[in-house]
$ cat coords_26.pdb   # PDB, C-alpha atoms, pLDDT in the B column
ATOM      1  CA  MET H  76     115.619  32.376 169.332  1.00 41.00           C
ATOM      2  CA  GLN H  77     113.570  35.196 167.841  1.00 43.00           C
ATOM      3  CA  PRO H  78     115.708  38.017 166.453  1.00 42.00           C
ATOM      4  CA  GLU H  79     115.231  41.646 167.352  1.00 44.00           C
ATOM      5  CA  GLU H  80     113.610  44.036 164.922  1.00 46.00           C
ATOM      6  CA  GLY H  81     116.032  45.626 162.500  1.00 56.00           C
ATOM      7  CA  ASP H  82     117.461  45.259 159.060  1.00 83.00           C
ATOM      8  CA  PHE H  83     116.569  41.779 157.780  1.00 86.00           C
ATOM      9  CA  ALA H  84     119.510  41.706 155.358  1.00 86.00           C
ATOM     10  CA  SER H  85     121.792  42.051 158.397  1.00 88.00           C
ATOM     11  CA  GLN H  86     119.902  39.180 160.006  1.00 88.00           C
ATOM     12  CA  VAL H  87     120.673  36.995 156.997  1.00 89.00           C
ATOM     13  CA  TRP H  88     124.380  37.792 157.237  1.00 89.00           C
ATOM     14  CA  GLN H  89     124.217  37.014 160.962  1.00 91.00           C
ATOM     15  CA  TRP H  90     122.666  33.616 160.159  1.00 89.00           C
ATOM     16  CA  PHE H  91     125.517  32.987 157.730  1.00 91.00           C
ATOM     17  CA  GLY H  92     128.056  33.795 160.453  1.00 91.00           C
ATOM     18  CA  GLU H  93     126.208  31.442 162.797  1.00 92.00           C
ATOM     19  CA  GLU H  94     126.299  28.714 160.114  1.00 88.00           C
ATOM     20  CA  ARG H  95     122.505  28.558 159.904  1.00 88.00           C
ATOM     21  CA  TYR H  96     122.645  27.687 156.245  1.00 88.00           C
ATOM     22  CA  ARG H  97     119.266  26.020 155.929  1.00 85.00           C
ATOM     23  CA  LEU H  98     117.485  29.202 156.950  1.00 85.00           C
ATOM     24  CA  ILE H  99     119.334  31.082 154.226  1.00 88.00           C
ATOM     25  CA  LEU H 100     118.718  28.326 151.669  1.00 88.00           C
ATOM     26  CA  GLY H 101     115.008  28.798 152.272  1.00 84.00           C
ATOM     27  CA  LEU H 102     115.382  32.315 150.916  1.00 84.00           C
ATOM     28  CA  GLY H 103     116.379  30.772 147.591  1.00 85.00           C
ATOM     29  CA  ALA H 104     112.715  29.945 146.961  1.00 87.00           C
ATOM     30  CA  LEU H 105     111.122  32.780 148.926  1.00 91.00           C
ATOM     31  CA  TYR H 106     112.706  35.806 147.261  1.00 91.00           C
ATOM     32  CA  PRO H 107     111.978  34.759 143.655  1.00 91.00           C
ATOM     33  CA  ALA H 108     108.434  33.800 144.664  1.00 95.00           C
ATOM     34  CA  LEU H 109     107.774  37.224 146.151  1.00 96.00           C
ATOM     35  CA  ASP H 110     109.504  38.938 143.253  1.00 95.00           C
ATOM     36  CA  TYR H 111     107.165  37.181 140.806  1.00 96.00           C
ATOM     37  CA  LEU H 112     104.075  37.917 142.904  1.00 97.00           C
ATOM     38  CA  ALA H 113     105.005  41.622 142.969  1.00 97.00           C
ATOM     39  CA  LEU H 114     105.299  41.873 139.157  1.00 97.00           C
ATOM     40  CA  ASP H 115     102.711  43.806 137.187  1.00 97.00           C
ATOM     41  CA  ALA H 116      99.956  41.766 135.511  1.00 96.00           C
ATOM     42  CA  ASP H 117     101.350  42.015 131.975  1.00 95.00           C
ATOM     43  CA  THR H 118     104.791  40.817 133.066  1.00 96.00           C
ATOM     44  CA  GLN H 119     103.219  37.918 134.954  1.00 95.00           C
ATOM     45  CA  VAL H 120     101.157  36.977 131.884  1.00 93.00           C
ATOM     46  CA  ASN H 121     104.219  37.099 129.622  1.00 93.00           C
ATOM     47  CA  SER H 122     106.564  35.250 131.990  1.00 92.00           C
ATOM     48  CA  THR H 123     104.336  32.305 132.878  1.00 92.00           C
ATOM     49  CA  PRO H 124     104.892  29.398 130.470  1.00 90.00           C
ATOM     50  CA  MET H 125     102.624  26.813 132.108  1.00 92.00           C
ATOM     51  CA  CYS H 126      99.188  26.983 133.723  1.00 94.00           C
ATOM     52  CA  PRO H 127      99.198  30.387 135.429  1.00 95.00           C
ATOM     53  CA  ALA H 128      97.033  29.367 138.382  1.00 95.00           C
ATOM     54  CA  CYS H 129      99.108  26.277 139.127  1.00 95.00           C
ATOM     55  CA  GLU H 130     102.418  28.018 138.590  1.00 94.00           C
ATOM     56  CA  ALA H 131     101.412  31.007 140.719  1.00 95.00           C
ATOM     57  CA  TRP H 132      99.943  28.915 143.529  1.00 96.00           C
ATOM     58  CA  TYR H 133     102.399  26.028 143.770  1.00 95.00           C
ATOM     59  CA  GLY H 134     105.527  27.741 142.525  1.00 93.00           C
ATOM     60  CA  ARG H 135     105.096  31.195 144.065  1.00 95.00           C
ATOM     61  CA  ILE H 136     102.487  31.244 146.824  1.00 97.00           C
ATOM     62  CA  VAL H 137     103.221  27.913 148.521  1.00 96.00           C
ATOM     63  CA  PRO H 138     106.878  28.916 149.156  1.00 94.00           C
ATOM     64  CA  VAL H 139     105.589  31.884 151.181  1.00 96.00           C
ATOM     65  CA  HIS H 140     103.451  29.553 153.298  1.00 95.00           C
ATOM     66  CA  ASP H 141     106.350  27.108 153.609  1.00 92.00           C
ATOM     67  CA  ALA H 142     108.644  29.888 154.844  1.00 91.00           C
ATOM     68  CA  LEU H 143     106.124  30.906 157.484  1.00 92.00           C
ATOM     69  CA  GLU H 144     105.699  27.301 158.603  1.00 91.00           C
ATOM     70  CA  ALA H 145     109.406  26.442 158.553  1.00 87.00           C
ATOM     71  CA  TRP H 146     110.885  29.497 160.229  1.00 84.00           C
ATOM     72  CA  GLY H 147     108.137  31.791 161.383  1.00 77.00           C
ATOM     73  CA  GLY H 148     109.569  31.812 164.898  1.00 85.00           C
ATOM     74  CA  GLU H 149     113.009  32.674 163.586  1.00 84.00           C
ATOM     75  CA  LEU H 150     111.783  35.790 161.830  1.00 87.00           C
ATOM     76  CA  PRO H 151     111.421  39.279 163.235  1.00 88.00           C
ATOM     77  CA  ALA H 152     107.753  40.132 163.826  1.00 92.00           C
ATOM     78  CA  ARG H 153     107.562  42.660 160.960  1.00 92.00           C
ATOM     79  CA  VAL H 154     108.943  40.095 158.488  1.00 92.00           C
ATOM     80  CA  ARG H 155     106.577  37.411 159.729  1.00 94.00           C
ATOM     81  CA  GLU H 156     103.670  39.856 159.473  1.00 96.00           C
ATOM     82  CA  ALA H 157     104.626  40.867 155.914  1.00 97.00           C
ATOM     83  CA  LEU H 158     104.771  37.224 154.795  1.00 96.00           C
ATOM     84  CA  ALA H 159     101.510  36.463 156.604  1.00 97.00           C
ATOM     85  CA  ALA H 160      99.861  39.341 154.707  1.00 98.00           C
ATOM     86  CA  VAL H 161     100.965  37.814 151.399  1.00 98.00           C
ATOM     87  CA  TRP H 162      99.570  34.438 152.461  1.00 98.00           C
ATOM     88  CA  ARG H 163      96.297  36.041 153.626  1.00 98.00           C
ATOM     89  CA  HIS H 164      95.816  37.847 150.306  1.00 97.00           C
ATOM     90  CA  ALA H 165      96.649  34.661 148.404  1.00 97.00           C
ATOM     91  CA  GLN H 166      94.046  32.730 150.364  1.00 97.00           C
ATOM     92  CA  GLY H 167      91.548  35.455 149.516  1.00 96.00           C
ATOM     93  CA  LEU H 168      91.943  35.077 145.752  1.00 96.00           C
ATOM     94  CA  SER H 169      88.604  34.357 144.102  1.00 96.00           C
ATOM     95  CA  GLU H 170      87.899  31.433 141.778  1.00 94.00           C
ATOM     96  CA  GLU H 171      88.116  33.834 138.848  1.00 94.00           C
ATOM     97  CA  ALA H 172      91.576  34.888 139.975  1.00 95.00           C
ATOM     98  CA  LEU H 173      92.771  31.252 140.022  1.00 95.00           C
ATOM     99  CA  ARG H 174      91.291  29.743 136.858  1.00 95.00           C
ATOM    100  CA  CYS H 175      93.547  27.052 135.411  1.00 94.00           C
ATOM    101  CA  GLY H 176      94.896  27.678 131.929  1.00 93.00           C
ATOM    102  CA  ASP H 177      93.687  31.294 131.848  1.00 93.00           C
ATOM    103  CA  TRP H 178      96.567  33.799 131.598  1.00 91.00           C
ATOM    104  CA  PRO H 179      94.372  36.892 132.109  1.00 93.00           C
ATOM    105  CA  ILE H 180      93.824  35.811 135.750  1.00 96.00           C
ATOM    106  CA  PHE H 181      96.665  38.146 136.652  1.00 96.00           C
ATOM    107  CA  ARG H 182      94.501  41.052 135.535  1.00 95.00           C
ATOM    108  CA  GLU H 183      91.755  40.160 138.033  1.00 95.00           C
ATOM    109  CA  PRO H 184      91.306  42.850 140.742  1.00 95.00           C
ATOM    110  CA  ASP H 185      92.106  40.307 143.505  1.00 94.00           C
ATOM    111  CA  TRP H 186      95.725  40.248 142.374  1.00 97.00           C
ATOM    112  CA  VAL H 187      96.274  43.947 143.150  1.00 97.00           C
ATOM    113  CA  ALA H 188      96.328  43.503 146.937  1.00 97.00           C
ATOM    114  CA  LEU H 189      98.509  40.386 146.614  1.00 98.00           C
ATOM    115  CA  ARG H 190     100.996  42.295 144.428  1.00 98.00           C
ATOM    116  CA  GLU H 191     101.129  45.135 146.933  1.00 98.00           C
ATOM    117  CA  ALA H 192     101.638  42.741 149.847  1.00 98.00           C
ATOM    118  CA  ALA H 193     104.418  40.913 147.974  1.00 98.00           C
ATOM    119  CA  ALA H 194     106.152  44.209 147.141  1.00 97.00           C
ATOM    120  CA  GLU H 195     105.955  45.228 150.800  1.00 97.00           C
ATOM    121  CA  ALA H 196     107.323  41.847 151.892  1.00 97.00           C
ATOM    122  CA  LEU H 197     110.276  42.275 149.523  1.00 95.00           C
ATOM    123  CA  ARG H 198     110.942  45.696 151.009  1.00 94.00           C
ATOM    124  CA  VAL H 199     110.740  44.388 154.584  1.00 94.00           C
ATOM    125  CA  LEU H 200     112.961  41.430 153.669  1.00 90.00           C
ATOM    126  CA  GLY H 201     115.629  43.772 152.316  1.00 87.00           C
ATOM    127  CA  TRP H 202     115.515  42.351 148.778  1.00 86.00           C
ATOM    128  CA  GLU H 203     117.416  45.305 147.304  1.00 85.00           C
ATOM    129  CA  ALA H 204     120.298  44.817 149.747  1.00 84.00           C
ATOM    130  CA  LEU H 205     120.505  41.053 149.180  1.00 85.00           C
ATOM    131  CA  GLU H 206     119.540  40.581 145.526  1.00 84.00           C
ATOM    132  CA  GLU H 207     123.010  41.051 144.048  1.00 87.00           C
ATOM    133  CA  HIS H 208     124.580  38.709 146.639  1.00 88.00           C
ATOM    134  CA  LEU H 209     121.889  36.046 146.835  1.00 88.00           C
ATOM    135  CA  GLU H 210     123.183  33.560 144.254  1.00 90.00           C
ATOM    136  CA  ALA H 211     126.729  33.565 145.661  1.00 93.00           C
ATOM    137  CA  LEU H 212     125.391  33.401 149.220  1.00 92.00           C
ATOM    138  CA  LEU H 213     123.133  30.462 148.354  1.00 92.00           C
ATOM    139  CA  GLN H 214     126.006  28.671 146.633  1.00 95.00           C
ATOM    140  CA  ASP H 215     128.237  29.162 149.693  1.00 94.00           C
ATOM    141  CA  CYS H 216     125.433  27.838 151.913  1.00 93.00           C
ATOM    142  CA  ARG H 217     124.825  24.798 149.679  1.00 92.00           C
ATOM    143  CA  GLU H 218     128.531  23.940 149.730  1.00 93.00           C
ATOM    144  CA  ALA H 219     128.830  24.439 153.486  1.00 90.00           C
ATOM    145  CA  ASP H 220     125.662  22.436 154.115  1.00 85.00           C
ATOM    146  CA  GLU H 221     126.962  19.622 151.919  1.00 89.00           C
ATOM    147  CA  ARG H 222     130.280  19.592 153.827  1.00 87.00           C
ATOM    148  CA  ARG H 223     128.332  19.359 157.088  1.00 83.00           C
ATOM    149  CA  ARG H 224     126.259  16.471 155.728  1.00 83.00           C
ATOM    150  CA  ARG H 225     129.375  14.564 154.742  1.00 85.00           C
ATOM    151  CA  THR H 226     130.937  15.102 158.165  1.00 83.00           C
ATOM    152  CA  GLY H 227     127.713  14.613 160.159  1.00 74.00           C
ATOM    153  CA  LEU H 228     127.980  18.026 161.838  1.00 65.00           C
ATOM    154  CA  PHE H 229     124.656  19.829 162.021  1.00 58.00           C
ATOM    155  CA  ILE H 230     123.952  23.106 163.767  1.00 54.00           C
ATOM    156  CA  ASP H 231     120.450  24.105 162.651  1.00 51.00           C
TER     157      ASP H 231
END
$ encode --input "coords_26.pdb" --output "structure tokens"
Amino acid sequence: MQPEEGDFASQVWQWFGEERYRLILGLGALYPALDYLALDADTQVNSTPMCPACEAWYGRIVPVHDALEAWGGELPARVREALAAVWRHAQGLSEEALRCGDWPIFREPDWVALREAAAEALRVLGWEALEEHLEALLQDCREADERRRRTGLFID
């Protein structure tokens, strides 16, 4: 069922009430990925301990693609479109913007549009409304999901 347009944070709380824990658990990788992608270049350079291209692509960009693939139909159109824009900009990164072992890649002009798209996706996803609750919400979902696994009761 595709939700109506509205406040995505409210949608997340609705999923929690409907015991759709796996959808919420997916946010555990998506929000930090977008948050990182929206950082300024200097912060990205200073907060990336391993190969920047690999860490950015596999650790931050792939979760956006995975979210679109896993629950694109569950998302309101504006959320899906915001995530698709991030994915589109990521796919458009040049070779220079994805050089392995080269921390200054984050200063390449290609990253500007990706940063802006990630910041917009965070806004559309209601990051500010959920950020302070996310860890507790994810923990509640992990515990509830584990209880369901032990009992064999699955809803989503």
$ resolve_selection --input "coords_26.pdb" --expression "the PyMOL selection byres ((chain H and resi 83) around 10)" --output "list of chain:residue names"
H:Pro78, H:Glu79, H:Glu80, H:Gly81, H:Asp82, H:Ala84, H:Ser85, H:Gln86, H:Val87, H:Trp88, H:Gln89, H:Leu150, H:Pro151, H:Arg153, H:Val154, H:Arg198, H:Val199, H:Leu200, H:Gly201, H:Trp202, H:Ala204, H:Leu205
$ atom_distance --input "coords_26.pdb" --atom1 "CA of Ala196 (chain H)" --atom2 "CA of Pro124 (chain H)"
24.9 Å
$ closest_atom_pairs --input "coords_26.pdb" --of "region 85-141 of chain H" --to "region 179-188 of chain H" --cutoff "10 Å" --atoms "all atoms listed in the file" --output "Markdown table"
| residue | atom | partner | partner_atom | distance |
| --- | --- | --- | --- | --- |
| H:Leu112 | CA | H:Trp186 | CA | 8.7 |
| H:Ala113 | CA | H:Val187 | CA | 9.0 |
| H:Leu114 | CA | H:Phe181 | CA | 9.7 |
| H:Asp115 | CA | H:Phe181 | CA | 8.3 |
| H:Ala116 | CA | H:Phe181 | CA | 5.0 |
| H:Asp117 | CA | H:Phe181 | CA | 7.7 |
| H:Thr118 | CA | H:Phe181 | CA | 9.3 |
| H:Gln119 | CA | H:Phe181 | CA | 6.8 |
| H:Val120 | CA | H:Phe181 | CA | 6.7 |
| H:Pro127 | CA | H:Ile180 | CA | 7.6 |
| H:Ala128 | CA | H:Ile180 | CA | 7.7 |
| H:Ala131 | CA | H:Phe181 | CA | 9.5 |
$ atom_distance --input "coords_26.pdb" --atom1 "CA of Glu94 (chain H)" --atom2 "CA of Asp220 (chain H)"
8.7 Å
$ atom_distance --input "coords_26.pdb" --atom1 "CA of Cys175 (chain H)" --atom2 "CA of Val137 (chain H)"
16.3 Å
$ residues_around --input "coords_26.pdb" --residues "Cys126 (chain H)" --least-positions-apart "4" --cutoff "9 Å" --atoms "only C-alpha atoms" --output "list in words"
Glu130, Ala131, Arg174, Cys175, Gly176, Asp177 and Trp178 of chain H
$ residues_around --input "coords_26.pdb" --residues "Cys216 (chain H)" --least-positions-apart "2" --cutoff "10 Å" --atoms "only C-alpha atoms" --output "number ranges by chain"
H: 91, 94-100, 210-214, 218-222
$ closest_residue --input "coords_26.pdb" --among "H:His208, H:Leu173, H:Ala192, H:Arg223" --to "Leu102 (chain H)" --atoms "all atoms listed in the file"
H:His208
$ axis_aligned_box --input "coords_26.pdb" --around "region 204-213 of chain H" --padding-each-side "3 Å" --output "lines of an AutoDock Vina configuration file"
center_x = 123.1
center_y = 37.6
center_z = 146.9
size_x = 13.2
size_y = 20.4
size_z = 11.7
$ resolve_selection --input "coords_26.pdb" --expression "the PyMOL selection byres ((chain H and resi 159) around 12)" --output "PyMOL selection string"
chain H and resi 136-144+147+150+152-158+160-166+189+192-193+195-196
